[in-house]
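Data from start31.csv: CSV, N, CA and C atoms
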```csv
chain,number,residue,atom,x,y,z
A,1,MET,N,105.2,115.9,64.1
A,1,MET,CA,103.8,116.3,64.1
A,1,MET,C,102.9,115.3,64.9
A,2,VAL,N,101.9,115.8,65.6
A,2,VAL,CA,101.0,115.0,66.3
A,2,VAL,C,99.8,114.8,65.5
A,3,GLU,N,99.5,113.5,65.2
A,3,GLU,CA,98.3,113.2,64.4
A,3,GLU,C,97.2,112.8,65.3
A,4,HIS,N,96.0,113.2,65.0
A,4,HIS,CA,94.8,112.8,65.7
A,4,HIS,C,94.9,113.1,67.2
A,5,GLY,N,95.7,114.0,67.7
A,5,GLY,CA,95.8,114.3,69.1
A,5,GLY,C,96.6,113.4,69.9
A,6,PHE,N,97.2,112.4,69.3
A,6,PHE,CA,98.0,111.4,70.1
A,6,PHE,C,99.5,111.8,69.9
A,7,GLU,N,100.2,111.7,71.0
A,7,GLU,CA,101.6,112.0,71.0
A,7,GLU,C,102.4,110.7,71.1
A,8,ASP,N,103.6,110.7,70.7
A,8,ASP,CA,104.5,109.5,70.8
A,8,ASP,C,105.0,109.4,72.2
A,9,HIS,N,104.6,108.4,72.9
A,9,HIS,CA,105.0,108.2,74.3
A,9,HIS,C,106.0,107.0,74.4
A,10,SER,N,106.7,106.7,73.4
A,10,SER,CA,107.6,105.6,73.4
A,10,SER,C,108.8,105.8,74.3
A,11,SER,N,109.1,107.1,74.6
A,11,SER,CA,110.2,107.4,75.5
A,11,SER,C,109.8,107.5,77.0
A,12,VAL,N,108.5,107.4,77.3
A,12,VAL,CA,108.0,107.5,78.6
A,12,VAL,C,108.3,106.3,79.4
A,13,THR,N,108.8,106.4,80.6
A,13,THR,CA,109.1,105.2,81.4
A,13,THR,C,107.7,104.7,82.0
A,14,PRO,N,107.4,103.5,81.9
A,14,PRO,CA,106.1,103.0,82.4
A,14,PRO,C,106.2,103.0,83.9
A,15,LEU,N,105.0,103.1,84.6
A,15,LEU,CA,104.9,103.1,86.0
A,15,LEU,C,105.3,101.8,86.6
A,16,ARG,N,106.2,101.7,87.5
A,16,ARG,CA,106.6,100.5,88.1
A,16,ARG,C,105.4,99.9,88.9
A,17,ASP,N,105.4,98.6,89.1
A,17,ASP,CA,104.3,98.0,89.8
A,17,ASP,C,104.2,98.5,91.3
A,18,ASP,N,105.4,98.9,91.9
A,18,ASP,CA,105.3,99.3,93.2
A,18,ASP,C,105.4,100.9,93.4
A,19,ALA,N,105.2,101.6,92.3
A,19,ALA,CA,105.3,103.1,92.3
A,19,ALA,C,103.9,103.6,92.9
A,20,PRO,N,103.9,104.6,93.7
A,20,PRO,CA,102.7,105.2,94.2
A,20,PRO,C,101.9,105.8,93.1
A,21,ILE,N,100.6,105.9,93.2
A,21,ILE,CA,99.7,106.6,92.3
A,21,ILE,C,99.4,107.9,93.0
A,22,LYS,N,99.6,109.0,92.4
A,22,LYS,CA,99.3,110.3,92.9
A,22,LYS,C,98.6,111.1,91.8
A,23,MET,N,97.4,111.6,92.0
A,23,MET,CA,96.7,112.3,91.0
A,23,MET,C,95.7,113.3,91.6
A,24,THR,N,95.4,114.4,90.8
A,24,THR,CA,94.4,115.3,91.2
A,24,THR,C,93.2,115.0,90.3
A,25,LEU,N,92.0,114.9,90.9
A,25,LEU,CA,90.8,114.6,90.2
A,25,LEU,C,90.1,115.8,89.7
A,26,ASP,N,89.2,115.7,88.8
A,26,ASP,CA,88.5,116.8,88.2
A,26,ASP,C,87.8,117.7,89.2
A,27,ASN,N,87.4,117.1,90.4
A,27,ASN,CA,86.7,117.8,91.4
A,27,ASN,C,87.6,118.5,92.4
A,28,GLY,N,88.9,118.5,92.1
A,28,GLY,CA,89.9,119.2,92.9
A,28,GLY,C,90.5,118.3,94.0
A,29,ALA,N,89.9,117.2,94.3
A,29,ALA,CA,90.4,116.3,95.3
A,29,ALA,C,91.7,115.7,94.8
A,30,ARG,N,92.6,115.3,95.7
A,30,ARG,CA,93.9,114.7,95.4
A,30,ARG,C,93.9,113.3,96.1
A,31,ILE,N,94.3,112.3,95.3
A,31,ILE,CA,94.5,111.0,95.9
A,31,ILE,C,96.0,110.5,95.8
A,32,GLU,N,96.4,109.8,96.8
A,32,GLU,CA,97.7,109.2,96.8
A,32,GLU,C,97.6,107.7,97.3
A,33,VAL,N,98.1,106.8,96.6
A,33,VAL,CA,98.0,105.4,97.0
A,33,VAL,C,99.3,104.7,96.9
A,34,TRP,N,99.7,104.0,97.9
A,34,TRP,CA,100.9,103.2,97.9
A,34,TRP,C,100.6,101.8,98.2
A,35,ALA,N,101.3,100.8,97.7
A,35,ALA,CA,101.2,99.4,98.0
A,35,ALA,C,102.5,98.8,98.2
A,36,GLU,N,102.6,97.9,99.1
A,36,GLU,CA,103.9,97.3,99.4
A,36,GLU,C,103.7,95.8,99.8
A,37,GLN,N,104.6,95.0,99.2
A,37,GLN,CA,104.5,93.5,99.5
A,37,GLN,C,105.2,93.3,100.8
A,38,GLN,N,104.5,92.5,101.7
A,38,GLN,CA,105.0,92.2,103.0
A,38,GLN,C,104.8,90.7,103.2
A,39,GLY,N,105.8,89.9,102.8
A,39,GLY,CA,105.6,88.4,102.8
A,39,GLY,C,104.6,88.0,101.8
A,40,GLU,N,103.5,87.3,102.2
A,40,GLU,CA,102.5,86.9,101.2
A,40,GLU,C,101.3,87.9,101.2
A,41,LYS,N,101.4,89.0,102.0
A,41,LYS,CA,100.4,90.0,102.0
A,41,LYS,C,100.8,91.3,101.3
A,42,VAL,N,99.9,92.1,100.9
A,42,VAL,CA,100.2,93.4,100.3
A,42,VAL,C,99.4,94.4,101.2
A,43,THR,N,100.2,95.4,101.7
A,43,THR,CA,99.6,96.5,102.4
A,43,THR,C,99.4,97.7,101.5
A,44,VAL,N,98.2,98.2,101.5
A,44,VAL,CA,97.8,99.4,100.7
A,44,VAL,C,97.5,100.5,101.6
A,45,LEU,N,98.1,101.7,101.4
A,45,LEU,CA,97.8,102.9,102.1
A,45,LEU,C,97.3,103.9,101.1
A,46,LEU,N,96.1,104.5,101.5
A,46,LEU,CA,95.5,105.5,100.6
A,46,LEU,C,95.2,106.8,101.4
A,47,HIS,N,95.5,107.9,100.8
A,47,HIS,CA,95.2,109.2,101.3
A,47,HIS,C,94.2,109.9,100.3
A,48,VAL,N,93.2,110.6,100.8
A,48,VAL,CA,92.3,111.4,100.0
A,48,VAL,C,92.4,112.8,100.6
A,49,HIS,N,92.8,113.8,99.8
A,49,HIS,CA,92.9,115.2,100.2
A,49,HIS,C,91.8,115.9,99.6
A,50,GLY,N,91.2,116.8,100.3
A,50,GLY,CA,90.2,117.7,99.7
A,50,GLY,C,90.7,118.7,98.8
A,51,PRO,N,89.9,119.5,98.1
A,51,PRO,CA,90.4,120.5,97.2
A,51,PRO,C,91.2,121.6,97.9
A,52,ASP,N,91.0,121.7,99.2
A,52,ASP,CA,91.8,122.7,100.0
A,52,ASP,C,93.2,122.1,100.4
A,53,GLY,N,93.4,120.8,100.1
A,53,GLY,CA,94.7,120.2,100.4
A,53,GLY,C,94.7,119.5,101.7
A,54,GLU,N,93.7,119.6,102.5
A,54,GLU,CA,93.6,119.0,103.8
A,54,GLU,C,93.3,117.5,103.7
A,55,LEU,N,94.0,116.7,104.5
A,55,LEU,CA,93.8,115.3,104.5
A,55,LEU,C,92.4,115.0,105.0
A,56,PHE,N,91.6,114.3,104.1
A,56,PHE,CA,90.2,114.0,104.5
A,56,PHE,C,90.1,112.6,105.0
A,57,LYS,N,90.8,111.6,104.4
A,57,LYS,CA,90.7,110.2,104.8
A,57,LYS,C,92.0,109.5,104.6
A,58,GLU,N,92.4,108.8,105.6
A,58,GLU,CA,93.6,107.9,105.4
A,58,GLU,C,93.1,106.5,105.7
A,59,GLU,N,93.5,105.5,104.9
A,59,GLU,CA,93.0,104.2,105.1
A,59,GLU,C,94.2,103.2,104.8
A,60,ARG,N,94.3,102.2,105.6
A,60,ARG,CA,95.3,101.2,105.4
A,60,ARG,C,94.6,99.8,105.4
A,61,VAL,N,94.9,99.1,104.3
A,61,VAL,CA,94.2,97.8,104.1
A,61,VAL,C,95.3,96.8,103.8
A,62,VAL,N,95.1,95.6,104.5
A,62,VAL,CA,96.0,94.5,104.2
A,62,VAL,C,95.2,93.5,103.3
A,63,VAL,N,95.8,93.2,102.2
A,63,VAL,CA,95.2,92.3,101.2
A,63,VAL,C,95.9,91.0,101.3
A,64,GLU,N,95.1,89.9,101.6
A,64,GLU,CA,95.7,88.6,101.8
A,64,GLU,C,95.1,87.6,100.8
A,65,ASP,N,94.6,88.1,99.6
A,65,ASP,CA,94.0,87.1,98.7
A,65,ASP,C,95.0,86.7,97.5
A,66,GLY,N,96.2,87.0,97.7
A,66,GLY,CA,97.2,86.7,96.7
A,66,GLY,C,97.3,87.7,95.5
A,67,SER,N,96.7,88.9,95.7
A,67,SER,CA,96.8,89.9,94.7
A,67,SER,C,98.2,90.4,94.5
A,68,SER,N,98.6,90.8,93.3
A,68,SER,CA,99.9,91.4,93.1
A,68,SER,C,99.9,92.8,93.7
A,69,VAL,N,101.1,93.4,93.8
A,69,VAL,CA,101.2,94.8,94.3
A,69,VAL,C,100.5,95.7,93.4
A,70,LYS,N,100.6,95.5,92.1
A,70,LYS,CA,100.0,96.4,91.1
A,70,LYS,C,98.5,96.3,91.2
A,71,LYS,N,97.9,95.1,91.3
A,71,LYS,CA,96.5,94.9,91.3
A,71,LYS,C,95.9,95.5,92.6
A,72,ALA,N,96.6,95.3,93.7
A,72,ALA,CA,96.1,95.9,95.0
A,72,ALA,C,96.2,97.4,95.0
A,73,ARG,N,97.3,98.0,94.4
A,73,ARG,CA,97.4,99.4,94.3
A,73,ARG,C,96.4,100.0,93.4
A,74,ASP,N,96.1,99.4,92.3
A,74,ASP,CA,95.1,99.9,91.4
A,74,ASP,C,93.7,99.8,92.0
A,75,HIS,N,93.4,98.8,92.8
A,75,HIS,CA,92.1,98.7,93.5
A,75,HIS,C,92.0,99.8,94.5
A,76,GLY,N,93.2,100.1,95.2
A,76,GLY,CA,93.2,101.2,96.2
A,76,GLY,C,92.9,102.5,95.5
A,77,ALA,N,93.4,102.7,94.3
A,77,ALA,CA,93.2,104.0,93.6
A,77,ALA,C,91.7,104.1,93.2
A,78,ASP,N,91.1,103.0,92.8
A,78,ASP,CA,89.7,103.1,92.5
A,78,ASP,C,88.9,103.4,93.8
A,79,ARG,N,89.2,102.8,94.9
A,79,ARG,CA,88.5,103.1,96.2
A,79,ARG,C,88.7,104.5,96.6
A,80,ALA,N,89.9,105.1,96.4
A,80,ALA,CA,90.2,106.5,96.8
A,80,ALA,C,89.4,107.4,95.9
A,81,LYS,N,89.3,107.1,94.6
A,81,LYS,CA,88.4,107.9,93.7
A,81,LYS,C,87.0,107.9,94.1
A,82,ARG,N,86.5,106.7,94.6
A,82,ARG,CA,85.1,106.7,95.0
A,82,ARG,C,84.9,107.5,96.3
A,83,ILE,N,85.8,107.4,97.2
A,83,ILE,CA,85.8,108.2,98.4
A,83,ILE,C,85.8,109.7,98.1
A,84,ALA,N,86.7,110.1,97.2
A,84,ALA,CA,86.8,111.5,96.9
A,84,ALA,C,85.5,112.0,96.1
A,85,GLY,N,85.0,111.2,95.3
A,85,GLY,CA,83.8,111.5,94.5
A,85,GLY,C,82.6,111.7,95.5
A,86,GLY,N,82.5,110.8,96.5
A,86,GLY,CA,81.4,110.9,97.4
A,86,GLY,C,81.5,112.0,98.4
A,87,ALA,N,82.7,112.4,98.7
A,87,ALA,CA,82.9,113.5,99.7
A,87,ALA,C,82.9,114.8,99.1
A,88,PHE,N,83.4,115.0,97.9
A,88,PHE,CA,83.6,116.3,97.3
A,88,PHE,C,82.8,116.5,96.0
A,89,GLY,N,81.9,115.6,95.7
A,89,GLY,CA,81.1,115.7,94.5
A,89,GLY,C,81.7,114.8,93.4
A,90,ALA,N,80.9,114.2,92.7
A,90,ALA,CA,81.3,113.3,91.6
A,90,ALA,C,82.2,114.0,90.6
A,91,SER,N,83.4,113.4,90.4
A,91,SER,CA,84.3,114.0,89.4
A,91,SER,C,84.0,113.3,88.0
A,92,ASN,N,84.6,113.8,87.0
A,92,ASN,CA,84.4,113.2,85.7
A,92,ASN,C,85.4,112.2,85.4
A,93,ASP,N,86.2,111.8,86.4
A,93,ASP,CA,87.2,110.7,86.1
A,93,ASP,C,86.5,109.4,85.8
A,94,ASN,N,87.1,108.6,84.9
A,94,ASN,CA,86.6,107.3,84.5
A,94,ASN,C,87.0,106.3,85.6
A,95,HIS,N,86.1,105.7,86.3
A,95,HIS,CA,86.3,104.7,87.3
A,95,HIS,C,86.3,103.3,86.7
A,96,HIS,N,86.1,103.2,85.4
A,96,HIS,CA,86.0,101.9,84.8
A,96,HIS,C,84.8,101.1,85.3
A,97,GLN,N,83.7,101.8,85.6
A,97,GLN,CA,82.6,101.1,86.2
A,97,GLN,C,81.4,101.3,85.2
A,98,ALA,N,80.5,100.3,85.1
A,98,ALA,CA,79.4,100.4,84.3
A,98,ALA,C,78.3,101.2,84.9
A,99,THR,N,78.2,101.2,86.2
A,99,THR,CA,77.1,102.0,86.8
A,99,THR,C,77.7,102.9,87.9
A,100,PRO,N,77.1,104.1,88.1
A,100,PRO,CA,77.6,105.0,89.2
A,100,PRO,C,77.4,104.4,90.6
A,101,ILE,N,78.2,104.9,91.5
A,101,ILE,CA,78.1,104.4,92.9
A,101,ILE,C,77.1,105.4,93.6
```

Will you turn the file into structure tokens for me?
Amino acid sequence: MVEHGFEDHSSVTPLRDDAPIKMTLDNGARIEVWAEQQGEKVTVLLHVHGPDGELFKEERVVVEDGSSVKKARDHGADRAKRIAGGAFGASNDNHHQATPI
């Protein structure tokens, strides 16, 4: 039985640090973010698709500040959400920000 709306996720495999993030936002936009270690740099590739599925924005960023792959990927996902929110209307997704952009 599920208590208080929470399910037991103990058998769910956690997201690997180098796994891509792929999600559909509440406004219908879809984001995809990949990050890859290349020597001391991390390359982040992000795609933002509109609600119609068409690629709206592709961006490649090289991070050289010593960030981990996970941190760079998560930052790329936040950036992709902001791009999608600005282009297709603000979604209700939590961007972990105190103020709106």

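Each of A:Val69, A:Gly76, A:Arg60, A:Glu32 was compared to A:Val48 using all atoms listed in the file, and A:Glu32 turns out to be the nearest.
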
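Using only C-alpha atoms, the smallest distance between any of A:Gln37, A:Ile21, A:Gly86, A:Asp74 and A:Phe56 comes from A:Gly86.
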
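Here the question is which of A:Val42, A:Lys81, A:Val62, A:Gly53 gets nearest to A:Leu25 using only N, CA and C atoms, and that residue is A:Lys81.
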
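Among the candidates A:Leu46, A:Thr24, A:Gln38, A:Ala80, the residue lying nearest to A:Val61 is A:Leu46 (atoms considered: only C-alpha atoms).
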
Separation of atom CA of A:Lys71 from atom N of A:Leu55, in Å and rounded to one decimal: 25.6 Å

DSSP on the backbone: what in stretch 15-44 of chain A comes out strand (DSSP E), as a PyMOL selection string? chain A and resi 21-24+30-38+41-44

If we draw a sphere of 6.5 Å around (97.3, 90.2, 99.8), which residues have at least one atom in it when counting only N, CA and C atoms? Please report them as a PyMOL selection string. chain A and resi 40-43+62-67

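The gap separating atom CA of A:Phe88 from atom CA of A:Ala19 is 25.9 Å, in Å to one decimal.
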
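What separates atom CA of A:Lys70 from atom CA of A:Ile31 is a distance of 16.3 Å.
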
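Inside stretch 13-100 of chain A, the residues DSSP reads as helix (DSSP H, G or I) when given the backbone are Val69, Lys70, Lys71, Ala72, Arg73, Asp74, His75, Gly76, Ala77, Asp78, Arg79, Ala80, Lys81, Arg82, Ile83, Ala84, Gly85, Gly86, Ala87 and Phe88 of chain A.
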
Go ahead and save the residues from that selection, with N, CA and C atoms, as an mmCIF file, in the frame of the given file.
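Saved to again-v8.cif:
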```
data_model
loop_
_atom_site.group_PDB
_atom_site.id
_atom_site.type_symbol
_atom_site.label_atom_id
_atom_site.label_comp_id
_atom_site.auth_asym_id
_atom_site.auth_seq_id
_atom_site.Cartn_x
_atom_site.Cartn_y
_atom_site.Cartn_z
ATOM 1 N N VAL A 69 101.100 93.400 93.800
ATOM 2 C CA VAL A 69 101.200 94.800 94.300
ATOM 3 C C VAL A 69 100.500 95.700 93.400
ATOM 4 N N LYS A 70 100.600 95.500 92.100
ATOM 5 C CA LYS A 70 100.000 96.400 91.100
ATOM 6 C C LYS A 70 98.500 96.300 91.200
ATOM 7 N N LYS A 71 97.900 95.100 91.300
ATOM 8 C CA LYS A 71 96.500 94.900 91.300
ATOM 9 C C LYS A 71 95.900 95.500 92.600
ATOM 10 N N ALA A 72 96.600 95.300 93.700
ATOM 11 C CA ALA A 72 96.100 95.900 95.000
ATOM 12 C C ALA A 72 96.200 97.400 95.000
ATOM 13 N N ARG A 73 97.300 98.000 94.400
ATOM 14 C CA ARG A 73 97.400 99.400 94.300
ATOM 15 C C ARG A 73 96.400 100.000 93.400
ATOM 16 N N ASP A 74 96.100 99.400 92.300
ATOM 17 C CA ASP A 74 95.100 99.900 91.400
ATOM 18 C C ASP A 74 93.700 99.800 92.000
ATOM 19 N N HIS A 75 93.400 98.800 92.800
ATOM 20 C CA HIS A 75 92.100 98.700 93.500
ATOM 21 C C HIS A 75 92.000 99.800 94.500
ATOM 22 N N GLY A 76 93.200 100.100 95.200
ATOM 23 C CA GLY A 76 93.200 101.200 96.200
ATOM 24 C C GLY A 76 92.900 102.500 95.500
ATOM 25 N N ALA A 77 93.400 102.700 94.300
ATOM 26 C CA ALA A 77 93.200 104.000 93.600
ATOM 27 C C ALA A 77 91.700 104.100 93.200
ATOM 28 N N ASP A 78 91.100 103.000 92.800
ATOM 29 C CA ASP A 78 89.700 103.100 92.500
ATOM 30 C C ASP A 78 88.900 103.400 93.800
ATOM 31 N N ARG A 79 89.200 102.800 94.900
ATOM 32 C CA ARG A 79 88.500 103.100 96.200
ATOM 33 C C ARG A 79 88.700 104.500 96.600
ATOM 34 N N ALA A 80 89.900 105.100 96.400
ATOM 35 C CA ALA A 80 90.200 106.500 96.800
ATOM 36 C C ALA A 80 89.400 107.400 95.900
ATOM 37 N N LYS A 81 89.300 107.100 94.600
ATOM 38 C CA LYS A 81 88.400 107.900 93.700
ATOM 39 C C LYS A 81 87.000 107.900 94.100
ATOM 40 N N ARG A 82 86.500 106.700 94.600
ATOM 41 C CA ARG A 82 85.100 106.700 95.000
ATOM 42 C C ARG A 82 84.900 107.500 96.300
ATOM 43 N N ILE A 83 85.800 107.400 97.200
ATOM 44 C CA ILE A 83 85.800 108.200 98.400
ATOM 45 C C ILE A 83 85.800 109.700 98.100
ATOM 46 N N ALA A 84 86.700 110.100 97.200
ATOM 47 C CA ALA A 84 86.800 111.500 96.900
ATOM 48 C C ALA A 84 85.500 112.000 96.100
ATOM 49 N N GLY A 85 85.000 111.200 95.300
ATOM 50 C CA GLY A 85 83.800 111.500 94.500
ATOM 51 C C GLY A 85 82.600 111.700 95.500
ATOM 52 N N GLY A 86 82.500 110.800 96.500
ATOM 53 C CA GLY A 86 81.400 110.900 97.400
ATOM 54 C C GLY A 86 81.500 112.000 98.400
ATOM 55 N N ALA A 87 82.700 112.400 98.700
ATOM 56 C CA ALA A 87 82.900 113.500 99.700
ATOM 57 C C ALA A 87 82.900 114.800 99.100
ATOM 58 N N PHE A 88 83.400 115.000 97.900
ATOM 59 C CA PHE A 88 83.600 116.300 97.300
ATOM 60 C C PHE A 88 82.800 116.500 96.000
#
```

Residues near A:Gly28, cut-off 8 Å, only N, CA and C atoms, skip fewer than 6 positions along chain, as a list in words: His49, Gly50, Pro51, Asp52, Gly53, Phe88 and Ser91 of chain A

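With only C-alpha atoms as the atoms that count, the minimum distance from A:His47 to the choices A:Asp18, A:Arg79, A:Val33, A:Asp26 is reached by A:Val33.
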
Top pick for closest residue to A:Arg30, considering A:Ser68, A:Lys57, A:Asp17, A:Leu45 and counting only C-alpha atoms: A:Lys57
